[in-house]
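The structure appears below as structure tokens.
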Amino acid sequence: MLRIPRILKIAFLLAPVLLSVSIASAQQCPDNDATLPATPFMYPMTSDQYGVQYQINGGGWTKAMVFISYYGKTNASPERGDSPYVRGTTSMSFVSIPAQANALVQLRVTKLATGPFQITDHVAVRPTPILADVETHNDGTLQISTSTAGSFNGEQFILMWNHGTDGGGVEGLAFYLNPPYTRPAGSNVKVVASWADLSGFANDPNLLLYDTLDFESPTPVPVAILLGGDGTLAYKVPGNILNVFFGPSAWVQGKLRFNKNMATTHIYGPGVLDGSQFNYLNRDCLNPDKTPTDDGLYSLSSLDQSGILTNFDVDGIIISDQDHAADDPFFSSTVNNVKTLGWNSNNAALRLQDSTTASNVFIRSSDDSLMIWGSPVNVTNATVWQGYNGGVISLGWFDNSVGDHNMVDGLWVVKTDWQLPTAQSWDALSQPGPPNPLNSQNNAVIASLMIPSTIFGKVSPPVFRNIYVEDPPQVLFSIKINSPINCTPSTCMASFLTNPANSSLVNLKIENLYSPQSIIENSIGFETIPAGYIANATDTVSYFPKNYTLKGSMNIELTNVWIKLPIGLVLPITNSFGAEWLGKITTNGPGVQVGYTLGRPLFW
């Protein structure tokens with residue numbers, strides 16, 4: 001369902017496939033870039049921050065199970081020195097609510113840890129355009145009222161309130177409204193309530209008679225199903241299994257690996273796939289045969305030699321506390337009502353490749369959230385809480401993102417936690433280059449780490465529209481062609497000066513965007529390699545006696561882009577008004593064309 005609210009007070013006139021998002025390569029294992037907790041938490045854990053009750057269409061109040069994830073308290077999300085989050089203090093609670101189309105949903109929230117809600121807390125629900133009604137009662141509880149549309153197929157939103165300077169961010173609460181999911185039944189279904197139900201499955205004489213796994217908690221209160229016996233196994237799902245169901249109380253601790261199948265593989269249901277027991281420090285380590293260790297695999301991984309997930313239908317599940325990214329790249333797949341939670345860099349969210357659609361998704365990630373690297377890719381109704389690192393929309397990290405026919409329609413950026421970069425830079429930094437060789441250029445609502453020879457949007461430029469950003473982002477646009485990471489003067493650096501193939505093309509349309517003014521300048525253009533550039537610590541020769549700006553052309557169309565100034569005034573960017581001072585948009589390099597158009601009025 002695309003959120004098109006009834007009213008809004010603000011007028012909106014408005015890598016190759018196998019390559020990871022990680023910039024690490026051939027490093028020592030373990031990584032030693034974070035501090036593991038002395039006593040890791042074991043999930044599921046009932047939230048000590050919030051209690052929630054719900055009622056549907058005026059029925060009786062029902063107590064909901066509210067779970068919590070704490071930053072820094074598991075091996076999958078250890079405390080990093082570059083993170084602004086605090087171990088054991090920063091958390092996110094989440095609750096799943098069964099709903100249906102055309103329903104009135106009412107929620108009652110009790111704050112457990114720091115006393116009742118106060119009127120002065122200015123409690124709100126985000127995304128703002130859903131227009132949920134929030135009331136603070138005299139007893140300190142909240143009541144939230146919202147309604148689902150006739151096309152309801154999953155919806156998510158978060159609770160925000162004044163908590164010092166962070167707006168309630170360190171104790172976030174996410175609501176996941178789920179459509180009905182029917183539990184599978186029949187002799188072809190293998191019910192899994194514990195690891196014992198799977199550990200001997202390969203020797204089950206009836207193995208080939210099953211085509212479905214049904215994960216179900218043995219009790220109404222979820223008990224973790226520990227894959228491998230301790231939750232640290234990437235379980236290889238037998239090839240005859242084409243359906244995996246996560247029941248409402250299912251909490252599966254581990255990862256899932258899937259065979260290559262021509263038939264569609266269905267992964268569905270409102271339960272949780274929890275990667276919290278894997279070791280973040282081992283995420284880039286390899287087995288002797290050069291394959292990733294289980295710690296290095298993504299939560300949904302492929303057994304296919306090409307490392308892709310093809311013909312998948314994923315609907316409803318929560319992917320929680322992954323130590324690496326959420327999924328191997330999806331091809332020819334559909335993703336709906338999927339929720340992901342990752343705390344650190346390299347804990348990226350959804351990788352979306354050719355002929356894949358994603359709808360009604362919720363992401364909290366401190367790495368790239370929507371990796372739209374294929375063609376065509378269609379995303380509707382995506383709610384994103386972006387952590388301290390990464391792009392909300394990532395256009396690509398290499399020269400293999402095509403972009404043609406891609407569409408994002410309905411992107412709700414409910415919170416951003418970036419603190420870097422603190423200033424704009426067009427200069428390539430030497431690798432490893434303290435403190436960050438990327439200079440945090442990957443941090444933006446729309447970000448590109450694409451490199452020379454990129455051809456993006458040549459046939460049919462991608463369209464990103466109906467974008468609503470709640471708070472001032474550190475950076476709104478970082479749409480660049482950048483110097484390749486780990487590129488040496490003796491290899492690709494020298495070819496920049498002589499090879500016309502290193503010219504790039506980027507075409508992109510952005511329509512109907514509302515955002516507070518960014519903190520620093522926004523970048524659209526080509527990075528400059530500074531004179532004397534040394535690619536990495538092992539090189540001694542620079543092929544750049546003077547500054548060299550990467551080559552190519554960019555054609556970026558901005559239509560109905562409205563910026564809210566710090567004083568509260570909302571103004572549009574047009575060709576004759578406001579690009580630099582209002583939008584803080586600057587360009588670099590010849591061949592960069594940015595058009596600003598004010599279209600017909602729209603209201604959120």
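Letters A, B, ... go to the chains of the structure tokens in the order shown; residues in each chain start at 1; ligands are counted from 1 in the same order.
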
**Study point:** Who sits within 10 Å of Val134 in chain A, only C-alpha atoms, same chain under 5 positions skipped, as a VMD selection string
**Key:** chain A and resid 106 to 108 122 to 125 142 to 146 159

Exercise for review: Quick one: pick out all strand (DSSP E) residues within range 32-168 of chain A from a backbone DSSP run and write them as a count of residues only.
Suggested key: 50

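Residues of range 203-385 of chain A carrying a DSSP assignment of helix (DSSP H, G or I), computed from the backbone, are A:Asn203, A:Leu207, A:Leu208, A:Leu209, A:Leu227, A:Gly228, A:Gly229, A:Tyr280, A:Leu281, A:Asn282, A:Asp294, A:Asp295, A:Gly296.
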
**Study point:** Within 9 Å of range 561-564 of chain A using only C-alpha atoms, minus same-chain residues under 2 positions, as an MDAnalysis selection string
**Key:** chainID A and resid 12:14 472 510:518 558:559 566:574 582:583 596:598

Export N, CA and C atoms of the chosen residues as a JSON list (two decimals), in the first residue's frame?
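Contents of result-v2.json, freshly written:
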[["chain", "number", "residue", "atom", "x", "y", "z"],
["A", 12, "PHE", "N", 2.79, 20.09, -0.15],
["A", 12, "PHE", "CA", 3.89, 19.43, -0.86],
["A", 12, "PHE", "C", 3.64, 19.69, -2.34],
["A", 13, "LEU", "N", 3.86, 20.93, -2.78],
["A", 13, "LEU", "CA", 3.58, 21.26, -4.17],
["A", 13, "LEU", "C", 4.60, 20.52, -5.00],
["A", 14, "LEU", "N", 4.41, 20.20, -4.51],
["A", 14, "LEU", "CA", 5.40, 19.41, -5.04],
["A", 14, "LEU", "C", 4.94, 18.49, -6.19],
["A", 472, "PRO", "N", 16.21, 17.16, 9.58],
["A", 472, "PRO", "CA", 17.29, 17.62, 8.70],
["A", 472, "PRO", "C", 18.35, 16.54, 8.49],
["A", 510, "ILE", "N", 14.13, 12.78, -9.94],
["A", 510, "ILE", "CA", 13.64, 12.82, -8.56],
["A", 510, "ILE", "C", 12.44, 13.75, -8.52],
["A", 511, "GLU", "N", 11.30, 13.23, -8.05],
["A", 511, "GLU", "CA", 10.05, 13.98, -8.12],
["A", 511, "GLU", "C", 9.35, 13.98, -6.75],
["A", 512, "ASN", "N", 8.76, 15.12, -6.41],
["A", 512, "ASN", "CA", 7.90, 15.23, -5.23],
["A", 512, "ASN", "C", 8.66, 14.82, -3.96],
["A", 513, "LEU", "N", 9.61, 15.63, -3.61],
["A", 513, "LEU", "CA", 10.44, 15.37, -2.44],
["A", 513, "LEU", "C", 10.29, 16.51, -1.46],
["A", 514, "TYR", "N", 10.06, 16.17, -0.21],
["A", 514, "TYR", "CA", 10.03, 17.15, 0.88],
["A", 514, "TYR", "C", 11.11, 16.78, 1.88],
["A", 515, "SER", "N", 11.91, 17.77, 2.28],
["A", 515, "SER", "CA", 12.95, 17.53, 3.26],
["A", 515, "SER", "C", 13.31, 18.82, 3.98],
["A", 516, "PRO", "N", 13.59, 18.76, 5.26],
["A", 516, "PRO", "CA", 14.27, 19.89, 5.89],
["A", 516, "PRO", "C", 15.63, 20.10, 5.22],
["A", 517, "GLN", "N", 16.13, 21.31, 5.30],
["A", 517, "GLN", "CA", 17.41, 21.63, 4.70],
["A", 517, "GLN", "C", 18.52, 20.76, 5.29],
["A", 518, "SER", "N", 19.40, 20.28, 4.44],
["A", 518, "SER", "CA", 20.48, 19.42, 4.90],
["A", 518, "SER", "C", 21.46, 20.22, 5.76],
["A", 558, "LEU", "N", 15.20, 17.41, -11.05],
["A", 558, "LEU", "CA", 14.56, 17.57, -9.75],
["A", 558, "LEU", "C", 13.25, 18.32, -9.94],
["A", 559, "THR", "N", 12.14, 17.62, -9.73],
["A", 559, "THR", "CA", 10.80, 18.18, -9.94],
["A", 559, "THR", "C", 10.04, 18.19, -8.62],
["A", 566, "PRO", "N", 15.38, 26.18, 8.42],
["A", 566, "PRO", "CA", 15.37, 26.11, 9.89],
["A", 566, "PRO", "C", 14.35, 27.05, 10.54],
["A", 567, "ILE", "N", 13.98, 28.13, 9.87],
["A", 567, "ILE", "CA", 12.99, 29.04, 10.43],
["A", 567, "ILE", "C", 11.57, 28.55, 10.23],
["A", 568, "GLY", "N", 11.40, 27.42, 9.53],
["A", 568, "GLY", "CA", 10.08, 26.83, 9.33],
["A", 568, "GLY", "C", 9.45, 27.10, 7.98],
["A", 569, "LEU", "N", 10.04, 27.98, 7.18],
["A", 569, "LEU", "CA", 9.50, 28.29, 5.87],
["A", 569, "LEU", "C", 9.82, 27.17, 4.89],
["A", 570, "VAL", "N", 8.81, 26.77, 4.09],
["A", 570, "VAL", "CA", 8.97, 25.71, 3.11],
["A", 570, "VAL", "C", 8.93, 26.33, 1.71],
["A", 571, "LEU", "N", 10.00, 26.10, 0.92],
["A", 571, "LEU", "CA", 10.11, 26.72, -0.40],
["A", 571, "LEU", "C", 10.54, 25.67, -1.43],
["A", 572, "PRO", "N", 10.13, 25.89, -2.69],
["A", 572, "PRO", "CA", 10.56, 24.96, -3.75],
["A", 572, "PRO", "C", 11.88, 25.41, -4.37],
["A", 573, "ILE", "N", 12.64, 24.45, -4.86],
["A", 573, "ILE", "CA", 13.83, 24.76, -5.65],
["A", 573, "ILE", "C", 13.42, 24.84, -7.11],
["A", 574, "THR", "N", 13.77, 25.93, -7.77],
["A", 574, "THR", "CA", 13.49, 26.07, -9.20],
["A", 574, "THR", "C", 14.78, 26.43, -9.92],
["A", 582, "LEU", "N", 19.21, 27.36, -0.93],
["A", 582, "LEU", "CA", 18.08, 26.65, -0.34],
["A", 582, "LEU", "C", 18.34, 25.14, -0.32],
["A", 583, "GLY", "N", 18.70, 24.59, -1.46],
["A", 583, "GLY", "CA", 18.95, 23.16, -1.54],
["A", 583, "GLY", "C", 20.36, 22.77, -1.15],
["A", 596, "TYR", "N", 15.68, 21.98, -12.47],
["A", 596, "TYR", "CA", 14.75, 22.17, -11.36],
["A", 596, "TYR", "C", 13.41, 22.62, -11.93],
["A", 597, "THR", "N", 12.35, 21.87, -11.63],
["A", 597, "THR", "CA", 11.02, 22.16, -12.17],
["A", 597, "THR", "C", 10.01, 22.16, -11.05],
["A", 598, "LEU", "N", 9.10, 23.10, -11.11],
["A", 598, "LEU", "CA", 7.98, 23.15, -10.18],
["A", 598, "LEU", "C", 6.74, 22.69, -10.91]]

Within 9 Å of Val392 in chain A, counting only C-alpha atoms, which residues show up once you throw out same-chain ones fewer than 5 positions away? Write them as a compact mmCIF listing (two decimals) with C-alpha atoms, in the first residue's frame, please.
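Output file part-v5.txt follows:
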# COMPACT_ATOMS: atom_id res chain seq x y z
CA SER A 365 20.17 -0.07 9.25
CA ASP A 367 24.67 0.59 6.32
CA ASP A 368 22.96 0.92 2.95
CA SER A 369 19.24 0.37 3.40
CA LEU A 370 17.85 0.01 -0.13
CA MET A 371 20.58 -1.28 -2.45
CA VAL A 384 13.63 3.75 6.73
CA TRP A 385 15.36 4.66 9.99
CA GLN A 386 18.91 5.24 8.78
CA VAL A 413 12.77 8.56 6.04
CA ASN A 443 25.99 8.85 3.93
CA ALA A 444 22.99 10.47 2.22
CA VAL A 445 19.31 9.96 1.50
CA ILE A 446 20.31 9.26 -2.12
CA ALA A 447 23.94 8.13 -2.38

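Atom to atom, CA of Ile363 in chain A and CA of Ala382 in chain A stand 7.8 Å apart.
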
Check your understanding: So, counting only C-alpha atoms, which residue among A:Val506, A:Ala325, A:Ile479, A:Val109 is closest to Ser345 in chain A?
Key -> A:Ala325

Check your understanding: Hey, what's within 12 Å of Val338 in chain A if we count only C-alpha atoms and toss same-chain stuff fewer than 3 positions away? As a ChimeraX atom specification, please?
Key -> /A:96,153-156,176-179,267-273,313-320,326-327,334-335,341,349-350,357-364,381-384

Preceding selection exported with C-alpha atoms as a PDB file, in the first residue's frame:
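Written output follows (again10.pdb):
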ATOM      1  CA  SER A  96       3.796  -7.183  15.563  1.00  0.00           C
ATOM      2  CA  ASN A 153      -0.686  -5.658   2.749  1.00  0.00           C
ATOM      3  CA  GLY A 154       1.515  -4.582   5.641  1.00  0.00           C
ATOM      4  CA  GLU A 155       2.309  -1.264   7.303  1.00  0.00           C
ATOM      5  CA  GLN A 156       4.980   0.018   9.686  1.00  0.00           C
ATOM      6  CA  TYR A 176       4.507  -3.764  12.468  1.00  0.00           C
ATOM      7  CA  LEU A 177       0.926  -4.195  11.232  1.00  0.00           C
ATOM      8  CA  ASN A 178       0.635  -7.529   9.444  1.00  0.00           C
ATOM      9  CA  PRO A 179      -2.028  -8.869   7.079  1.00  0.00           C
ATOM     10  CA  ILE A 267       9.371 -17.447   2.795  1.00  0.00           C
ATOM     11  CA  TYR A 268       6.462 -15.989   4.700  1.00  0.00           C
ATOM     12  CA  GLY A 269       4.763 -15.352   8.007  1.00  0.00           C
ATOM     13  CA  PRO A 270       5.221 -12.738  10.765  1.00  0.00           C
ATOM     14  CA  GLY A 271       7.947 -14.514  12.790  1.00  0.00           C
ATOM     15  CA  VAL A 272      11.594 -13.565  13.362  1.00  0.00           C
ATOM     16  CA  LEU A 273      14.882 -14.723  11.835  1.00  0.00           C
ATOM     17  CA  ASP A 313       8.694 -14.544  -2.656  1.00  0.00           C
ATOM     18  CA  VAL A 314       9.472 -13.179   0.820  1.00  0.00           C
ATOM     19  CA  ASP A 315       6.526 -11.829   2.776  1.00  0.00           C
ATOM     20  CA  GLY A 316       6.107 -10.748   6.379  1.00  0.00           C
ATOM     21  CA  ILE A 317       9.234 -11.872   8.195  1.00  0.00           C
ATOM     22  CA  ILE A 318      11.430  -9.861  10.561  1.00  0.00           C
ATOM     23  CA  ILE A 319      15.187 -10.161   9.938  1.00  0.00           C
ATOM     24  CA  SER A 320      16.695  -9.051  13.213  1.00  0.00           C
ATOM     25  CA  ALA A 326      20.120  -9.125   5.418  1.00  0.00           C
ATOM     26  CA  ASP A 327      20.084 -10.981   2.091  1.00  0.00           C
ATOM     27  CA  THR A 334       9.170 -10.088  -4.650  1.00  0.00           C
ATOM     28  CA  VAL A 335       9.702  -8.743  -1.147  1.00  0.00           C
ATOM     29  CA  LEU A 341      17.191  -4.438  11.975  1.00  0.00           C
ATOM     30  CA  ALA A 349      19.537  -4.257   4.595  1.00  0.00           C
ATOM     31  CA  LEU A 350      17.911  -5.204   1.276  1.00  0.00           C
ATOM     32  CA  THR A 357       9.957  -5.562  -6.397  1.00  0.00           C
ATOM     33  CA  ALA A 358       9.847  -4.528  -2.759  1.00  0.00           C
ATOM     34  CA  SER A 359       6.779  -3.122  -1.023  1.00  0.00           C
ATOM     35  CA  ASN A 360       5.707  -2.133   2.480  1.00  0.00           C
ATOM     36  CA  VAL A 361       9.156  -2.654   3.980  1.00  0.00           C
ATOM     37  CA  PHE A 362      10.673  -1.300   7.205  1.00  0.00           C
ATOM     38  CA  ILE A 363      14.418  -0.887   7.644  1.00  0.00           C
ATOM     39  CA  ARG A 364      16.615   0.213  10.500  1.00  0.00           C
ATOM     40  CA  ASN A 381       6.110   2.279   0.560  1.00  0.00           C
ATOM     41  CA  ALA A 382       9.513   1.913   2.218  1.00  0.00           C
ATOM     42  CA  THR A 383       9.978   3.218   5.760  1.00  0.00           C
ATOM     43  CA  VAL A 384      13.627   3.751   6.732  1.00  0.00           C
TER      44      VAL A 384
END

Check your understanding: Skipping near chain neighbours, those fewer than 4 positions away, what residues fall within 9 Å of range 71-85 of chain A using only C-alpha atoms, listed as a ChimeraX atom specification?
Key -> /A:33-42,89-92,170,275-281,295,321-324,342-345,347,388-389,417-419

Go ahead and dump the residues you just picked, N, CA and C atoms, as a short mmCIF file (atom, residue, chain, number, x, y, z; two decimals), in the first residue's frame.
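Dumped everything to result-v3.cif:
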data_model
loop_
_atom_site.label_atom_id
_atom_site.label_comp_id
_atom_site.auth_asym_id
_atom_site.auth_seq_id
_atom_site.Cartn_x
_atom_site.Cartn_y
_atom_site.Cartn_z
N ASP A 33 37.56 -4.60 14.92
CA ASP A 33 37.14 -3.20 14.80
C ASP A 33 35.95 -2.89 15.70
N ALA A 34 35.68 -3.77 16.65
CA ALA A 34 34.59 -3.56 17.60
C ALA A 34 34.89 -4.37 18.86
N THR A 35 34.17 -4.06 19.93
CA THR A 35 34.40 -4.72 21.21
C THR A 35 33.22 -5.61 21.55
N LEU A 36 33.45 -6.92 21.59
CA LEU A 36 32.38 -7.86 21.90
C LEU A 36 31.93 -7.68 23.36
N PRO A 37 30.66 -7.91 23.64
CA PRO A 37 30.20 -7.82 25.03
C PRO A 37 30.75 -8.96 25.87
N ALA A 38 31.00 -8.69 27.14
CA ALA A 38 31.53 -9.72 28.03
C ALA A 38 30.52 -10.85 28.23
N THR A 39 29.24 -10.47 28.33
CA THR A 39 28.17 -11.45 28.50
C THR A 39 27.09 -11.14 27.46
N PRO A 40 27.14 -11.78 26.30
CA PRO A 40 26.17 -11.45 25.25
C PRO A 40 24.74 -11.79 25.67
N PHE A 41 23.81 -10.95 25.24
CA PHE A 41 22.39 -11.22 25.46
C PHE A 41 21.95 -12.39 24.59
N MET A 42 20.93 -13.07 25.08
CA MET A 42 20.27 -14.12 24.30
C MET A 42 18.83 -13.67 24.06
N THR A 89 22.34 1.08 26.23
CA THR A 89 21.41 2.21 26.40
C THR A 89 20.57 2.40 25.15
N THR A 90 21.22 2.36 23.98
CA THR A 90 20.49 2.49 22.73
C THR A 90 19.77 1.18 22.42
N SER A 91 18.49 1.29 22.13
CA SER A 91 17.70 0.08 21.87
C SER A 91 16.61 0.38 20.87
N MET A 92 16.04 -0.68 20.31
CA MET A 92 14.80 -0.55 19.57
C MET A 92 13.87 -1.68 19.97
N VAL A 170 16.84 6.77 21.17
CA VAL A 170 17.60 5.69 21.77
C VAL A 170 16.70 4.62 22.35
N GLY A 275 19.78 -13.14 13.82
CA GLY A 275 21.19 -13.45 13.61
C GLY A 275 22.10 -12.99 14.72
N SER A 276 21.55 -12.77 15.91
CA SER A 276 22.31 -12.11 16.97
C SER A 276 23.46 -12.93 17.52
N GLN A 277 23.49 -14.25 17.29
CA GLN A 277 24.53 -15.08 17.87
C GLN A 277 25.76 -15.25 16.97
N PHE A 278 25.72 -14.68 15.77
CA PHE A 278 26.88 -14.73 14.90
C PHE A 278 27.89 -13.65 15.29
N ASN A 279 29.14 -13.85 14.92
CA ASN A 279 30.22 -12.98 15.35
C ASN A 279 30.52 -11.92 14.29
N TYR A 280 30.23 -10.68 14.64
CA TYR A 280 30.48 -9.55 13.74
C TYR A 280 31.94 -9.43 13.34
N LEU A 281 32.85 -9.77 14.23
CA LEU A 281 34.28 -9.63 13.95
C LEU A 281 34.75 -10.60 12.87
N ASP A 295 29.65 -16.91 9.78
CA ASP A 295 29.59 -15.54 10.29
C ASP A 295 29.55 -14.53 9.15
N ASP A 321 18.88 -8.25 13.89
CA ASP A 321 20.21 -8.33 14.48
C ASP A 321 21.19 -9.13 13.64
N GLN A 322 21.17 -8.88 12.33
CA GLN A 322 22.13 -9.58 11.48
C GLN A 322 23.54 -9.06 11.74
N ASP A 323 24.54 -9.94 11.61
CA ASP A 323 25.93 -9.52 11.78
C ASP A 323 26.53 -9.08 10.45
N HIS A 324 25.82 -9.34 9.35
CA HIS A 324 26.23 -8.89 8.02
C HIS A 324 24.95 -8.38 7.36
N GLY A 342 19.54 -3.86 11.74
CA GLY A 342 20.98 -4.04 11.85
C GLY A 342 21.60 -2.80 12.44
N TRP A 343 22.56 -2.96 13.35
CA TRP A 343 23.04 -1.84 14.15
C TRP A 343 24.31 -1.19 13.61
N ASN A 344 25.20 -1.94 12.97
CA ASN A 344 26.53 -1.44 12.66
C ASN A 344 26.78 -1.35 11.16
N SER A 345 27.89 -0.71 10.80
CA SER A 345 28.32 -0.75 9.40
C SER A 345 28.51 -2.21 9.00
N ASN A 347 26.12 -4.04 8.38
CA ASN A 347 24.80 -4.64 8.66
C ASN A 347 23.77 -4.04 7.70
N TYR A 388 23.91 5.48 11.69
CA TYR A 388 25.00 6.45 11.63
C TYR A 388 25.85 6.33 10.38
N ASN A 389 25.57 5.34 9.52
CA ASN A 389 26.41 5.09 8.35
C ASN A 389 25.53 4.56 7.24
N ASP A 417 20.55 9.11 11.74
CA ASP A 417 21.48 9.26 12.87
C ASP A 417 22.90 9.61 12.42
N TRP A 418 23.06 10.09 11.18
CA TRP A 418 24.39 10.46 10.70
C TRP A 418 24.99 11.59 11.54
N GLN A 419 26.27 11.51 11.76
CA GLN A 419 27.03 12.63 12.32
C GLN A 419 28.17 13.06 11.39
#

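Of the listed residues A:Phe312, A:Gln100, A:Leu112, A:Lys339, the one whose atoms come nearest to Phe175 in chain A is A:Lys339, with distances taken using only C-alpha atoms.
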
Practice item. Would you list the contacts of range 296-310 of chain A as a PyMOL selection string, taking every protein, DNA or RNA residue within 7 Å and counting only C-alpha atoms, but skipping same-chain residues closer than 4 positions in sequence? Key: chain A and resi 18+255-260+275+282-285+292+322+324-333
